[in-house]
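To start, the structure under review is shown below, and the notes come after it.
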Amino acid sequence: IMTVEVLKTKSKEEIFEFIRKQLKFNTKLSEQFRHIDNEKFKKEHRRFEMSGYESAKGKCTLFNSAILNEFAYLGIYDYTSYLFLDFYKGIPTLYLKYFNEDDNHEFEYSGYGTVEIIYNIFDKTIFSGKQERRRY
C-alpha cells in the first residue's frame, strides 16, 4: 500500500502512474472478454463520467464518488470539512472547504482527464501542508 510519505518523494509522472494503477480494471474482468486486445485493455483504467448527465438520479455522482474514494485511505478527506467533485456539461469542478478555515473554494478543471484531476486533488489535500483533521 502506497503512503503519502512515499508519494511525496515521487515525480509527477510517477504519481500519475500510481493513480492509473490504482484505477486499473480487475484482471478477473478482462478474463471474461473474448474479443478484446488484452495488451490494450491492460493500459485502460476507470475514468470519471464527466458528462454530468444521468440515466438515473444520483448514478453519475455515485460512480464518480466511488472512483475518488479509491484514494480515501491516503487521507484526502482529512484536510477538509467537505470535498465534492461535480461535473456539469463536461466541466469538472472541485468544491472544498479546508478544515478549520472559513473560505469555500471552487476549482474548475476544464480539459483535464481523470488522472490529472485526482493529482490536483492530491495537491489540494495531502500535498497542501494544510492542517489535517485528527481521526484516531
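Following the order of the C-alpha cells, chains are lettered A, B, ..., residues in each are numbered from 1, and ligands are numbered from 1.
All residues within chain A that the backbone DSSP calculation assigns to strand (DSSP E) are Thr80, Ser81, Tyr82, Leu83, Phe84, Leu85, Asp86, Phe87, Tyr88, Ile91, Pro92, Thr93, Leu94, Tyr95, Leu96, Lys97, Tyr98, Asn104, His105, Glu106, Phe107 and Glu108 of chain A.
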Inset, instruction - With a distance cut-off of 10 Å and only C-alpha atoms, select the neighbouring residues of Lys130 (chain A), excluding the residue or stretch itself and same-chain residues fewer than 3 positions from it, and output the selection as a ChimeraX atom specification. - result: /A:78-80,98-101,124-127,133
With region 63-71 of chain A as the partner and 9 Å as the cut-off, tabulate the residues of region 75-100 of chain A that qualify, each row holding the nearest pair of atoms and their distance in Å to one decimal, using only C-alpha atoms, sorted by chain and rising number, as a Markdown table.
| residue | atom | partner | partner_atom | distance |
| --- | --- | --- | --- | --- |
| A:Gly75 | CA | A:Phe71 | CA | 7.5 |
| A:Ile76 | CA | A:Phe71 | CA | 6.9 |
| A:Phe84 | CA | A:Ser65 | CA | 8.3 |
| A:Leu85 | CA | A:Ser65 | CA | 7.7 |
| A:Asp86 | CA | A:Asn64 | CA | 8.5 |
Can I get the selection written as a short mmCIF file (atom, residue, chain, number, x, y, z; two decimals), in the first residue's frame, with C-alpha atoms?
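What follows is the written file again22.cif:
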data_model
loop_
_atom_site.label_atom_id
_atom_site.label_comp_id
_atom_site.auth_asym_id
_atom_site.auth_seq_id
_atom_site.Cartn_x
_atom_site.Cartn_y
_atom_site.Cartn_z
CA GLY A 75 -6.39 10.86 3.79
CA ILE A 76 -7.66 13.15 1.02
CA PHE A 84 -17.02 17.26 -3.52
CA LEU A 85 -16.29 16.76 -7.21
CA ASP A 86 -19.10 17.71 -9.56
#
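Note that the spacing between CA of Gly111 (chain A) and CA of Ile91 (chain A) amounts to 7.6 Å.
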Inset, instruction - Could you check which of A:Glu132, A:Glu54, A:Glu14, A:Glu108 is closest to Ser81 (chain A), using only C-alpha atoms? - result: A:Glu132
Exercise: Tyr53 (chain A) partners within 9 Å, only C-alpha atoms, chain neighbours under 3 positions left out, as a PDB file with N, CA, C and O atoms, in the first residue's frame:
ATOM      1  N   GLU A  49     -17.092   9.816 -15.092  1.00  0.00           N
ATOM      2  CA  GLU A  49     -18.176  10.110 -16.041  1.00  0.00           C
ATOM      3  C   GLU A  49     -18.325  11.626 -16.002  1.00  0.00           C
ATOM      4  O   GLU A  49     -18.849  12.176 -15.039  1.00  0.00           O
ATOM      5  N   MET A  50     -17.848  12.297 -17.020  1.00  0.00           N
ATOM      6  CA  MET A  50     -17.753  13.757 -16.979  1.00  0.00           C
ATOM      7  C   MET A  50     -18.920  14.492 -17.619  1.00  0.00           C
ATOM      8  O   MET A  50     -18.996  15.705 -17.511  1.00  0.00           O
ATOM      9  N   ALA A  56     -30.203   7.743 -14.331  1.00  0.00           N
ATOM     10  CA  ALA A  56     -30.999   7.630 -13.105  1.00  0.00           C
ATOM     11  C   ALA A  56     -30.422   8.622 -12.096  1.00  0.00           C
ATOM     12  O   ALA A  56     -29.200   8.801 -12.013  1.00  0.00           O
ATOM     13  N   CYS A  60     -24.487   9.178 -11.668  1.00  0.00           N
ATOM     14  CA  CYS A  60     -23.207   9.794 -12.026  1.00  0.00           C
ATOM     15  C   CYS A  60     -22.420  10.161 -10.762  1.00  0.00           C
ATOM     16  O   CYS A  60     -21.218   9.908 -10.664  1.00  0.00           O
ATOM     17  N   PHE A  87     -19.613  17.358 -11.891  1.00  0.00           N
ATOM     18  CA  PHE A  87     -19.442  17.503 -13.330  1.00  0.00           C
ATOM     19  C   PHE A  87     -20.727  18.071 -13.909  1.00  0.00           C
ATOM     20  O   PHE A  87     -21.816  17.575 -13.629  1.00  0.00           O
ATOM     21  N   TYR A  88     -20.589  19.124 -14.710  1.00  0.00           N
ATOM     22  CA  TYR A  88     -21.750  19.713 -15.367  1.00  0.00           C
ATOM     23  C   TYR A  88     -21.357  20.038 -16.797  1.00  0.00           C
ATOM     24  O   TYR A  88     -20.402  20.793 -17.028  1.00  0.00           O
ATOM     25  N   LYS A  89     -22.043  19.422 -17.748  1.00  0.00           N
ATOM     26  CA  LYS A  89     -21.783  19.613 -19.168  1.00  0.00           C
ATOM     27  C   LYS A  89     -20.301  19.422 -19.495  1.00  0.00           C
ATOM     28  O   LYS A  89     -19.693  20.198 -20.220  1.00  0.00           O
ATOM     29  N   GLY A  90     -19.714  18.387 -18.907  1.00  0.00           N
ATOM     30  CA  GLY A  90     -18.337  18.043 -19.207  1.00  0.00           C
ATOM     31  C   GLY A  90     -17.284  18.842 -18.466  1.00  0.00           C
ATOM     32  O   GLY A  90     -16.098  18.639 -18.678  1.00  0.00           O
TER      33      GLY A  90
END
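When the distance limit is 9 Å and only C-alpha atoms are what count, the residues near Ile118 (chain A), minus those fewer than 4 positions from it on the same chain, are Phe16, Ile19, Leu68, Phe71, Gly113, Thr114, Phe122 and Asp123 of chain A.
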Inset, instruction - Enumerate, as number ranges by chain, the complete set of residues in region 3-130 of chain A that a backbone-based DSSP assignment places in helix (DSSP H, G or I). - result: A: 4-7, 12-22, 27-30, 38-42, 59-69, 72-74, 114-124
